[in-house]
$ cat model.cif   # mmCIF, C-alpha atoms and all ligand atoms
data_model
#
loop_
_atom_site.label_atom_id
_atom_site.label_comp_id
_atom_site.auth_asym_id
_atom_site.auth_seq_id
_atom_site.Cartn_x
_atom_site.Cartn_y
_atom_site.Cartn_z
CA MET A 1 60.07 15.27 81.62
CA LYS A 2 57.87 18.33 82.01
CA LEU A 3 58.89 19.50 78.59
CA GLU A 4 58.14 16.13 77.02
CA ILE A 5 54.66 16.17 78.55
CA GLU A 6 53.93 19.69 77.32
CA LYS A 7 54.98 18.77 73.77
CA VAL A 8 52.59 15.83 73.70
CA VAL A 9 49.75 17.94 75.19
CA SER A 10 50.07 20.55 72.47
CA GLU A 11 50.24 17.87 69.79
CA ILE A 12 47.02 16.34 71.11
CA GLU A 13 45.31 19.73 71.16
CA GLN A 14 46.24 20.51 67.58
CA PHE A 15 45.41 17.14 66.11
CA VAL A 16 42.60 17.32 63.53
CA ILE A 17 40.98 14.45 61.66
CA THR A 18 38.55 14.10 58.75
CA ASN A 19 38.00 10.34 58.51
CA THR A 20 38.12 7.09 60.41
CA SER A 21 41.65 6.15 59.41
CA GLU A 22 42.95 9.44 60.83
CA LEU A 23 40.99 8.74 64.01
CA GLU A 24 42.72 5.39 64.24
CA ALA A 25 46.09 7.09 63.63
CA PHE A 26 45.34 9.36 66.61
CA ARG A 27 44.59 6.37 68.80
CA ILE A 28 47.75 4.55 67.79
CA ARG A 29 49.99 7.60 68.19
CA PHE A 30 48.84 8.56 71.70
CA LEU A 31 46.96 5.68 73.28
CA GLY A 32 48.32 2.61 71.46
CA SER A 33 50.46 -0.04 73.18
CA LYS A 34 53.52 1.63 71.63
CA GLY A 35 52.05 5.13 71.82
CA LEU A 36 53.40 8.32 73.37
CA VAL A 37 51.42 8.00 76.62
CA LYS A 38 52.92 4.57 77.19
CA ASP A 39 56.39 6.00 76.46
CA LEU A 40 55.88 8.71 79.07
CA TYR A 41 54.89 6.13 81.70
CA GLY A 42 58.16 4.36 80.79
CA LEU A 43 60.13 7.57 81.33
CA LEU A 44 58.70 7.92 84.87
CA LYS A 45 61.21 5.28 86.02
CA SER A 46 64.11 7.66 85.44
CA VAL A 47 62.46 10.61 87.26
CA PRO A 48 64.01 11.34 90.68
CA ASN A 49 61.85 10.01 93.54
CA GLU A 50 60.82 13.38 94.96
CA GLU A 51 59.42 14.44 91.57
CA LYS A 52 57.80 11.10 90.71
CA LYS A 53 54.45 11.85 92.33
CA GLU A 54 53.89 15.09 90.46
CA ALA A 55 55.17 13.73 87.15
CA GLY A 56 52.95 10.65 87.54
CA GLN A 57 49.91 12.90 88.07
CA GLN A 58 50.78 14.90 84.97
CA VAL A 59 51.06 11.80 82.79
CA ASN A 60 47.72 10.57 84.20
CA GLU A 61 46.13 13.89 83.25
CA LEU A 62 47.69 13.66 79.83
CA ARG A 63 46.25 10.22 79.27
CA ALA A 64 42.80 11.44 80.36
CA LYS A 65 43.14 14.35 77.91
CA ALA A 66 44.06 12.00 75.06
CA GLU A 67 41.13 9.72 75.86
CA GLU A 68 38.74 12.63 76.05
CA LYS A 69 39.92 14.02 72.72
CA TYR A 70 39.65 10.59 71.15
CA ALA A 71 36.04 10.25 72.30
CA LEU A 72 35.26 13.74 71.02
CA LEU A 73 36.80 13.15 67.60
CA LYS A 74 34.93 9.87 67.28
CA GLU A 75 31.62 11.54 68.09
CA GLN A 76 32.24 14.33 65.58
CA LEU A 77 32.96 11.82 62.86
CA GLU A 78 29.79 9.85 63.55
CA SER A 79 27.53 12.89 63.56
CA ALA A 80 29.05 14.07 60.24
CA ASP A 81 28.12 10.67 58.83
CA GLN A 82 24.55 11.08 59.98
CA SER A 83 24.22 14.53 58.46
CA ARG A 84 24.75 12.82 55.11
CA ASP A 85 21.41 11.12 55.94
CA GLY A 86 23.30 7.97 56.64
CA ALA A 87 23.35 7.54 52.86
CA ASP A 88 24.22 4.09 51.67
CA LEU A 89 26.85 4.88 49.09
CA SER A 90 26.79 1.37 47.68
CA ARG A 91 23.09 1.60 46.78
CA PRO A 92 22.39 1.49 42.99
CA GLY A 93 21.31 4.85 41.49
CA GLU A 94 17.67 5.74 40.86
CA PRO A 95 16.94 5.32 37.13
CA SER A 96 16.14 8.71 35.59
CA THR A 97 12.91 8.72 33.63
CA ILE A 98 13.12 9.59 29.95
CA GLY A 99 10.47 11.93 28.54
CA ALA A 100 8.29 10.99 25.58
CA ARG A 101 7.54 13.14 22.57
CA HIS A 102 4.15 14.83 22.58
CA PRO A 103 1.63 12.98 20.38
CA LEU A 104 0.94 16.14 18.36
CA SER A 105 4.61 16.55 17.72
CA LEU A 106 4.92 12.90 16.62
CA VAL A 107 2.05 13.28 14.16
CA ARG A 108 3.33 16.65 12.93
CA SER A 109 6.69 15.00 12.13
CA GLU A 110 4.98 12.13 10.38
CA ILE A 111 2.91 14.48 8.20
CA ILE A 112 6.05 16.44 7.31
CA GLU A 113 7.89 13.23 6.39
CA ILE A 114 5.05 12.01 4.19
CA PHE A 115 5.00 15.25 2.19
CA ASN A 116 8.80 15.55 2.14
CA ARG A 117 8.86 12.29 0.22
CA ILE A 118 6.94 13.89 -2.65
CA GLY A 119 8.99 17.06 -2.73
CA TYR A 120 7.22 19.40 -0.30
CA THR A 121 9.32 21.82 1.74
CA VAL A 122 8.29 23.19 5.15
CA SER A 123 7.51 26.88 5.61
CA GLU A 124 6.42 28.88 8.60
CA GLY A 125 4.79 32.20 9.36
CA PRO A 126 3.98 34.34 12.42
CA GLU A 127 1.20 33.49 14.87
CA ILE A 128 0.34 37.19 15.26
CA GLU A 129 -0.93 38.06 11.82
CA ASP A 130 -2.34 41.10 10.03
CA ASP A 131 -5.73 41.22 8.36
CA TRP A 132 -4.19 40.98 4.89
CA HIS A 133 -2.48 37.62 5.40
CA ASN A 134 -5.18 36.03 7.52
CA PHE A 135 -8.21 37.31 5.56
CA SER A 136 -8.02 39.85 2.74
CA ALA A 137 -5.43 38.18 0.52
CA LEU A 138 -7.36 34.95 0.96
CA ASN A 139 -10.38 36.50 -0.71
CA PHE A 140 -12.37 37.34 2.42
CA PRO A 141 -13.92 40.71 1.44
CA PRO A 142 -14.26 43.28 4.28
CA GLU A 143 -17.42 42.72 6.33
CA HIS A 144 -18.02 39.46 4.48
CA PRO A 145 -19.86 36.92 6.66
CA ALA A 146 -17.24 34.31 5.79
CA ARG A 147 -15.00 36.03 8.36
CA ASP A 148 -17.43 34.80 10.99
CA MET A 149 -16.63 31.21 10.05
CA GLN A 150 -13.68 31.62 12.35
CA ASP A 151 -14.04 33.40 15.67
CA THR A 152 -11.00 35.59 15.77
CA PHE A 153 -8.95 36.88 18.71
CA PHE A 154 -8.07 40.46 17.76
CA ILE A 155 -5.20 42.23 19.47
CA GLU A 156 -3.65 45.67 19.19
CA LYS A 157 -0.06 46.09 18.22
CA GLY A 158 0.79 49.78 18.30
CA GLU A 159 -1.68 51.54 16.01
CA GLN A 160 -2.41 48.46 13.97
CA GLU A 161 -5.11 45.96 14.73
CA MET A 162 -3.69 42.46 14.49
CA ALA A 163 -5.12 39.00 15.03
CA LEU A 164 -3.94 35.68 16.32
CA ARG A 165 -4.03 33.71 13.09
CA THR A 166 -7.14 31.60 12.79
CA HIS A 167 -5.62 29.20 10.28
CA THR A 168 -2.28 28.38 8.67
CA SER A 169 -3.67 29.45 5.28
CA SER A 170 -2.02 32.80 6.11
CA VAL A 171 1.34 31.13 5.46
CA GLN A 172 0.39 30.23 1.88
CA VAL A 173 -0.06 33.95 1.22
CA ARG A 174 3.39 34.71 2.63
CA VAL A 175 4.98 31.94 0.57
CA MET A 176 3.30 33.00 -2.68
CA GLU A 177 4.28 36.64 -2.08
CA ASN A 178 7.91 35.65 -1.69
CA ALA A 179 8.54 32.73 -4.05
CA GLU A 180 8.28 32.01 -7.75
CA PRO A 181 6.30 28.94 -8.85
CA PRO A 182 6.69 26.01 -8.90
CA ILE A 183 5.84 26.03 -5.18
CA ARG A 184 5.34 22.87 -3.20
CA THR A 185 5.21 23.50 0.52
CA ILE A 186 3.49 22.56 3.76
CA SER A 187 3.12 24.87 6.75
CA PRO A 188 2.56 23.32 10.15
CA GLY A 189 1.72 25.62 13.05
CA ARG A 190 -0.48 26.73 15.91
CA VAL A 191 -3.73 28.60 15.31
CA TYR A 192 -6.20 30.33 17.62
CA ARG A 193 -9.97 30.70 17.74
CA ASN A 194 -12.26 32.29 20.24
CA GLU A 195 -14.12 29.15 21.24
CA ALA A 196 -15.31 27.84 24.58
CA ILE A 197 -13.03 24.99 25.63
CA SER A 198 -14.64 21.55 25.58
CA ALA A 199 -13.80 18.00 24.55
CA ARG A 200 -14.44 18.96 20.91
CA ALA A 201 -13.22 22.56 20.69
CA HIS A 202 -10.27 24.50 21.99
CA CYS A 203 -9.07 28.09 21.79
CA PHE A 204 -5.82 26.93 20.21
CA PHE A 205 -4.93 23.96 18.07
CA HIS A 206 -2.59 22.98 15.25
CA GLN A 207 -2.93 22.78 11.50
CA VAL A 208 -0.87 21.82 8.50
CA GLU A 209 -1.46 23.82 5.36
CA GLY A 210 -0.43 22.43 1.98
CA LEU A 211 0.15 24.39 -1.22
CA TYR A 212 1.12 23.35 -4.72
CA ILE A 213 1.38 25.97 -7.50
CA ASP A 214 2.67 25.23 -10.99
CA LYS A 215 1.55 25.24 -14.62
CA ASP A 216 -1.36 22.90 -15.38
CA VAL A 217 -2.07 21.74 -11.83
CA SER A 218 -5.48 20.07 -11.82
CA PHE A 219 -8.07 18.80 -9.38
CA ALA A 220 -6.93 15.26 -10.28
CA ASP A 221 -3.46 16.12 -8.90
CA LEU A 222 -5.09 17.29 -5.67
CA LYS A 223 -7.12 14.12 -5.35
CA GLN A 224 -4.15 11.85 -5.98
CA THR A 225 -1.92 13.74 -3.54
CA LEU A 226 -4.51 13.43 -0.78
CA LEU A 227 -5.08 9.74 -1.51
CA TYR A 228 -1.32 9.20 -1.24
CA PHE A 229 -1.34 11.05 2.09
CA ALA A 230 -4.28 9.03 3.47
CA LYS A 231 -2.62 5.70 2.56
CA GLU A 232 0.70 6.71 4.08
CA MET A 233 -0.94 7.99 7.25
CA PHE A 234 -3.73 5.45 7.80
CA GLY A 235 -2.56 2.39 5.88
CA GLU A 236 -2.69 0.94 2.38
CA LYS A 237 -6.41 0.12 2.64
CA ALA A 238 -7.41 3.77 3.26
CA LYS A 239 -9.84 5.33 0.80
CA ILE A 240 -10.90 8.96 0.49
CA ARG A 241 -14.04 10.70 -0.66
CA MET A 242 -14.55 14.35 -1.50
CA ARG A 243 -17.66 16.36 -0.70
CA PRO A 244 -18.34 19.79 -2.23
CA SER A 245 -17.80 22.61 0.24
CA TYR A 246 -17.06 26.32 0.44
CA PHE A 247 -13.93 28.28 1.38
CA PRO A 248 -13.34 31.84 0.14
CA PHE A 249 -9.79 31.02 -0.98
CA THR A 250 -10.49 27.95 -3.11
CA GLU A 251 -12.77 27.32 -6.08
CA PRO A 252 -13.99 24.63 -6.31
CA SER A 253 -13.66 23.60 -2.66
CA ALA A 254 -14.10 20.24 -1.04
CA GLU A 255 -14.05 18.51 2.29
CA VAL A 256 -12.24 15.20 2.42
CA ASP A 257 -13.21 12.13 4.40
CA VAL A 258 -11.03 9.08 4.96
CA SER A 259 -12.48 5.60 5.38
CA CYS A 260 -12.72 4.70 9.06
CA SER A 261 -9.72 2.52 9.94
CA ILE A 262 -11.17 1.69 13.34
CA CYS A 263 -14.08 -0.37 11.98
CA ASN A 264 -12.75 -1.00 8.46
CA ALA A 265 -15.45 1.37 7.19
CA GLU A 266 -18.17 -0.93 8.49
CA GLY A 267 -19.59 1.65 10.90
CA CYS A 268 -18.73 2.35 14.55
CA ASN A 269 -19.17 5.02 17.22
CA VAL A 270 -16.15 6.99 16.06
CA CYS A 271 -17.37 7.38 12.47
CA LYS A 272 -20.97 7.67 13.69
CA HIS A 273 -21.82 4.55 11.71
CA THR A 274 -21.05 6.19 8.38
CA GLY A 275 -17.72 4.45 7.70
CA TRP A 276 -16.16 7.88 6.97
CA LEU A 277 -14.21 10.44 9.00
CA GLU A 278 -13.69 14.05 7.99
CA ILE A 279 -9.99 14.98 7.93
CA LEU A 280 -9.41 18.12 5.89
CA GLY A 281 -10.57 20.96 3.66
CA CYS A 282 -9.09 21.65 0.24
CA GLY A 283 -9.63 23.07 -3.23
CA MET A 284 -8.10 24.76 -6.26
CA VAL A 285 -6.54 28.07 -5.24
CA ASP A 286 -8.94 30.86 -6.24
CA PRO A 287 -7.48 33.03 -9.06
CA ASN A 288 -8.21 36.09 -6.88
CA VAL A 289 -5.81 34.70 -4.26
CA LEU A 290 -3.10 34.02 -6.84
CA GLU A 291 -3.41 37.58 -8.16
CA ALA A 292 -3.43 39.11 -4.65
CA CYS A 293 -0.14 37.33 -4.01
CA GLY A 294 1.45 38.44 -7.27
CA ILE A 295 1.10 35.20 -9.23
CA ASP A 296 -0.28 35.32 -12.78
CA SER A 297 -3.44 33.20 -12.69
CA LYS A 298 -3.44 32.89 -16.50
CA ILE A 299 -0.15 30.99 -16.36
CA TYR A 300 -0.35 29.20 -13.04
CA SER A 301 -2.90 27.21 -11.12
CA GLY A 302 -2.63 25.24 -7.93
CA PHE A 303 -4.30 23.50 -5.06
CA ALA A 304 -4.30 23.98 -1.31
CA PHE A 305 -5.44 21.94 1.63
CA GLY A 306 -5.57 22.35 5.37
CA MET A 307 -5.86 19.75 8.09
CA GLY A 308 -6.00 19.77 11.89
CA ILE A 309 -3.15 17.91 13.56
CA GLU A 310 -5.32 17.17 16.62
CA ARG A 311 -7.90 15.57 14.35
CA ILE A 312 -5.37 13.27 12.67
CA THR A 313 -3.85 12.43 16.08
CA GLN A 314 -7.30 11.67 17.45
CA LEU A 315 -7.91 9.17 14.66
CA LYS A 316 -4.45 7.66 14.91
CA TYR A 317 -4.39 7.28 18.70
CA ARG A 318 -8.12 7.32 19.50
CA VAL A 319 -7.82 10.29 21.84
CA ASN A 320 -11.26 11.84 21.88
CA ASP A 321 -10.89 14.78 24.25
CA LEU A 322 -9.00 17.78 22.84
CA ARG A 323 -8.21 19.10 26.32
CA LEU A 324 -5.85 16.19 27.00
CA TYR A 325 -3.35 17.61 24.51
CA SER A 326 -2.65 20.71 26.56
CA GLU A 327 -3.14 19.58 30.15
CA ASN A 328 0.40 18.19 30.43
CA ASP A 329 -0.68 15.16 32.41
CA ILE A 330 2.37 12.92 32.45
CA ARG A 331 0.21 9.79 32.65
CA PHE A 332 -1.28 10.74 29.27
CA LEU A 333 1.93 11.98 27.66
CA LYS A 334 4.14 9.03 28.53
CA GLN A 335 2.00 6.62 26.53
CA PHE A 336 3.27 7.83 23.19
CA THR A 337 6.47 6.64 21.59
CA SER A 338 7.95 7.33 18.22
CA GLY A 339 7.89 4.81 15.43
CA ILE A 340 4.09 4.70 15.18
N1 LIG A 401 -8.17 27.21 6.45
C1 LIG A 401 -9.22 26.24 6.55
C2 LIG A 401 -9.70 26.15 7.98
O1 LIG A 401 -8.98 26.55 8.86
C3 LIG A 401 -8.76 24.90 6.08
C4 LIG A 401 -8.52 24.89 4.62
C5 LIG A 401 -9.55 24.58 3.76
C6 LIG A 401 -7.27 25.18 4.12
C7 LIG A 401 -9.34 24.55 2.41
C8 LIG A 401 -7.06 25.16 2.75
C9 LIG A 401 -8.12 24.83 1.91
O2 LIG A 401 -5.89 25.44 2.19
O3 LIG A 401 -7.89 24.82 0.57
O4 LIG A 401 -10.78 25.67 8.23
#
$ encode --input "model.cif" --output "structure tokens"
Amino acid sequence: MKLEIEKVVSEIEQFVITNTSELEAFRIRFLGSKGLVKDLYGLLKSVPNEEKKEAGQQVNELRAKAEEKYALLKEQLESADQSRDGADLSRPGEPSTIGARHPLSLVRSEIIEIFNRIGYTVSEGPEIEDDWHNFSALNFPPEHPARDMQDTFFIEKGEQEMALRTHTSSVQVRVMENAEPPIRTISPGRVYRNEAISARAHCFFHQVEGLYIDKDVSFADLKQTLLYFAKEMFGEKAKIRMRPSYFPFTEPSAEVDVSCSICNAEGCNVCKHTGWLEILGCGMVDPNVLEACGIDSKIYSGFAFGMGIERITQLKYRVNDLRLYSENDIRFLKQFTSGI
């Protein structure tokens, strides 16, 4: 009898559980109506009378031990449940929010698509640029006041003075230096200018440069290409007008306005009651630029244009504060979806 009791005691001591069904198995094995404790009480009958008292006490202690252990195991299981924050595992999952593409990136893609359709490739250049690509090759003579048109961030890279490019026109130089005409390419990218940040100016923004070089390219080709772009971007009713302007790298140069799609060119706050909105600068590539880039200006001619992506986005989505584009406010960003 003693031996039987000791066996059951050690089994109780070693019993471990990890879930409620194992807890129940413990209860059934030791404390159930057909459990081991009950069996031991049954065995008491066959114990000789003089030993009965002691054996009875031992079985009583055993039962108390089993009950104690049962209570302990139950408590452990319940507190483990709580440490999982009492999570309701049947609760439906939280929907994960899907990000939206940045409006500038949507408009950049749309501009690329529009020009892809008429055979323009995409080319890129570095944002840290040397004087040659940002200025000299583009016909800005040294010390020429035209360099002040763009407030430049200069930086030092080793011995050489470099600049954060002030426009993507630097990429047209790189393309012309490396490719044979015919060239038809656009260059989207980030540019930097030393300007105080406000609703209308920022120290960095984005441009798309366009370049077409071939034999017999004329101003009429430029005009028609930009009209095509305006209609694709702003709708079939869009019109353009060109105003004479000056850029060192084009001759003649023009600024291009598109008819205001907000008021149907009737006049509103956005177009300052003129019916027109300025969208880009352009012109015929100056022969000096062609020559600087190794292209024979007696054989080839071409046009170039440059537009601000923020400006086009502003007109498309009526966002009139440039700072919104770089503040990363999710309430602003989540409003834009593709398929505009
Ligand atoms: N680079 C000019 C700017 O940043 C924009 C520009 C004007 C680009 C005329 C051109 C162009 O290619 O022909 O203001």
$ residues_near_point --input "model.cif" --point "(-5.2, 40.4, 20.2)" --cutoff "12 Å" --atoms "only C-alpha atoms" --output "PyMOL selection string"
chain A and resi 127-131+152-158+160-166+192-194
$ residues_near_ligand --input "model.cif" --ligand "ligand LIG 401 (chain A)" --cutoff "9 Å" --atoms "only C-alpha atoms and all ligand atoms" --output "PyMOL selection string"
chain A and resi 149-150+166-170+172+191+207-211+245-251+253-255+280-285+303-308
$ atom_distance --input "model.cif" --atom1 "atom CA of Lys272 of chain A" --atom2 "atom CA of Leu226 of chain A"
22.7 Å
$ atom_distance --input "model.cif" --atom1 "atom CA of Leu77 of chain A" --atom2 "atom CA of Ser90 of chain A"
19.4 Å
$ closest_atom_pairs --input "model.cif" --of "segment 148-204 of chain A" --to "segment 96-109 of chain A" --cutoff "12 Å" --atoms "all atoms listed in the file" --output "JSON lines"
{"residue": "A:Ile186", "atom": "CA", "partner": "A:Arg108", "partner_atom": "CA", "distance": 10.9}
{"residue": "A:Ser187", "atom": "CA", "partner": "A:Arg108", "partner_atom": "CA", "distance": 10.3}
{"residue": "A:Pro188", "atom": "CA", "partner": "A:Arg108", "partner_atom": "CA", "distance": 7.3}
{"residue": "A:Gly189", "atom": "CA", "partner": "A:Arg108", "partner_atom": "CA", "distance": 9.1}
{"residue": "A:Arg190", "atom": "CA", "partner": "A:Leu104", "partner_atom": "CA", "distance": 11.0}
$ write_last_selection --input "model.cif" --atoms "C-alpha atoms" --output "PDB file, in the frame of the given file"
ATOM      1  CA  ILE A 186       3.490  22.560   3.760  1.00  0.00           C
ATOM      2  CA  SER A 187       3.120  24.870   6.750  1.00  0.00           C
ATOM      3  CA  PRO A 188       2.560  23.320  10.150  1.00  0.00           C
ATOM      4  CA  GLY A 189       1.720  25.620  13.050  1.00  0.00           C
ATOM      5  CA  ARG A 190      -0.480  26.730  15.910  1.00  0.00           C
TER       6      ARG A 190
END
$ atom_distance --input "model.cif" --atom1 "atom CA of Leu277 of chain A" --atom2 "atom CA of Leu324 of chain A"
20.7 Å
$ residues_around --input "model.cif" --residues "Asp296 of chain A" --least-positions-apart "6" --cutoff "12 Å" --atoms "all atoms listed in the file" --output "PyMOL selection string"
chain A and resi 176-177+180-181+213-215+286-290+302
$ residues_around --input "model.cif" --residues "His273 of chain A" --least-positions-apart "4" --cutoff "12 Å" --atoms "only C-alpha atoms" --output "MDAnalysis selection string"
chainID A and resid 259:260 262:269 277
$ closest_residue --input "model.cif" --among "A:Ala220, A:Arg91, A:Ser261, A:Ile295" --to "Pro182 of chain A" --atoms "all atoms listed in the file"
A:Ile295
$ closest_residue --input "model.cif" --among "A:Lys45, A:Arg200, A:Lys223, A:Lys298" --to "Arg323 of chain A" --atoms "all atoms listed in the file"
A:Arg200
$ residues_around --input "model.cif" --residues "Phe30 of chain A" --least-positions-apart "4" --cutoff "12 Å" --atoms "only C-alpha atoms" --output "list in words"
Ile5, Val8, Val9, Glu11, Ile12, Glu13, Phe15, Leu23, Glu24, Ala25, Phe26, Lys34, Gly35, Leu36, Val37, Lys38, Asp39, Leu40, Tyr41, Val59, Leu62, Arg63, Ala64, Lys65, Ala66, Glu67, Glu68, Lys69 and Tyr70 of chain A
$ closest_residue --input "model.cif" --among "A:Thr20, A:Ser10, A:Ser326, A:Ser297" --to "Ile197 of chain A" --atoms "only C-alpha atoms"
A:Ser326
$ build_atoms --input "model.cif" --residues "segment 13-21 of chain A" --atoms "all heavy atoms" --output "short mmCIF file (atom, residue, chain, number, x, y, z; two decimals), in the coordinates of the input"
data_model
loop_
_atom_site.label_atom_id
_atom_site.label_comp_id
_atom_site.auth_asym_id
_atom_site.auth_seq_id
_atom_site.Cartn_x
_atom_site.Cartn_y
_atom_site.Cartn_z
N GLU A 13 46.25 18.63 71.36
CA GLU A 13 45.31 19.73 71.16
C GLU A 13 45.17 20.12 69.69
O GLU A 13 44.10 20.49 69.22
CB GLU A 13 45.72 20.94 72.00
CG GLU A 13 45.29 20.76 73.45
CD GLU A 13 45.92 21.78 74.39
OE1 GLU A 13 46.77 22.58 73.92
OE2 GLU A 13 45.56 21.76 75.58
N GLN A 14 46.28 20.04 68.97
CA GLN A 14 46.24 20.51 67.58
C GLN A 14 45.81 19.45 66.57
O GLN A 14 45.57 19.75 65.40
CB GLN A 14 47.62 21.04 67.18
CG GLN A 14 47.87 22.42 67.76
CD GLN A 14 49.33 22.81 67.70
OE1 GLN A 14 50.08 22.30 66.88
NE2 GLN A 14 49.72 23.72 68.56
N PHE A 15 45.69 18.24 67.04
CA PHE A 15 45.41 17.14 66.11
C PHE A 15 43.99 17.29 65.49
O PHE A 15 43.02 17.47 66.18
CB PHE A 15 45.49 15.81 66.86
CG PHE A 15 45.90 14.66 65.99
CD1 PHE A 15 47.22 14.20 65.99
CD2 PHE A 15 44.98 14.02 65.17
CE1 PHE A 15 47.60 13.13 65.20
CE2 PHE A 15 45.37 12.96 64.36
CZ PHE A 15 46.68 12.50 64.37
N VAL A 16 43.93 17.29 64.17
CA VAL A 16 42.60 17.32 63.53
C VAL A 16 42.45 16.08 62.63
O VAL A 16 43.44 15.60 62.07
CB VAL A 16 42.35 18.58 62.65
CG1 VAL A 16 42.01 19.78 63.49
CG2 VAL A 16 43.52 18.85 61.75
N ILE A 17 41.20 15.63 62.52
CA ILE A 17 40.98 14.45 61.66
C ILE A 17 39.77 14.69 60.76
O ILE A 17 38.93 15.54 61.05
CB ILE A 17 40.70 13.18 62.50
CG1 ILE A 17 39.44 13.39 63.37
CG2 ILE A 17 41.89 12.79 63.33
CD1 ILE A 17 38.72 12.10 63.60
N THR A 18 39.72 13.97 59.63
CA THR A 18 38.55 14.10 58.75
C THR A 18 37.92 12.74 58.45
O THR A 18 36.85 12.66 57.86
CB THR A 18 38.94 14.73 57.40
OG1 THR A 18 40.02 13.97 56.86
CG2 THR A 18 39.35 16.18 57.56
N ASN A 19 38.61 11.65 58.81
CA ASN A 19 38.00 10.34 58.51
C ASN A 19 38.43 9.30 59.54
O ASN A 19 39.24 9.59 60.44
CB ASN A 19 38.37 9.90 57.09
CG ASN A 19 39.88 9.90 56.89
OD1 ASN A 19 40.62 9.51 57.80
ND2 ASN A 19 40.33 10.35 55.73
N THR A 20 37.89 8.11 59.39
CA THR A 20 38.12 7.09 60.41
C THR A 20 39.57 6.62 60.45
O THR A 20 40.08 6.28 61.52
CB THR A 20 37.22 5.84 60.18
OG1 THR A 20 37.26 5.53 58.80
CG2 THR A 20 35.81 6.07 60.62
N SER A 21 40.27 6.64 59.32
CA SER A 21 41.65 6.15 59.41
C SER A 21 42.53 7.16 60.15
O SER A 21 43.47 6.79 60.86
CB SER A 21 42.21 5.77 58.04
OG SER A 21 42.20 6.88 57.21
#
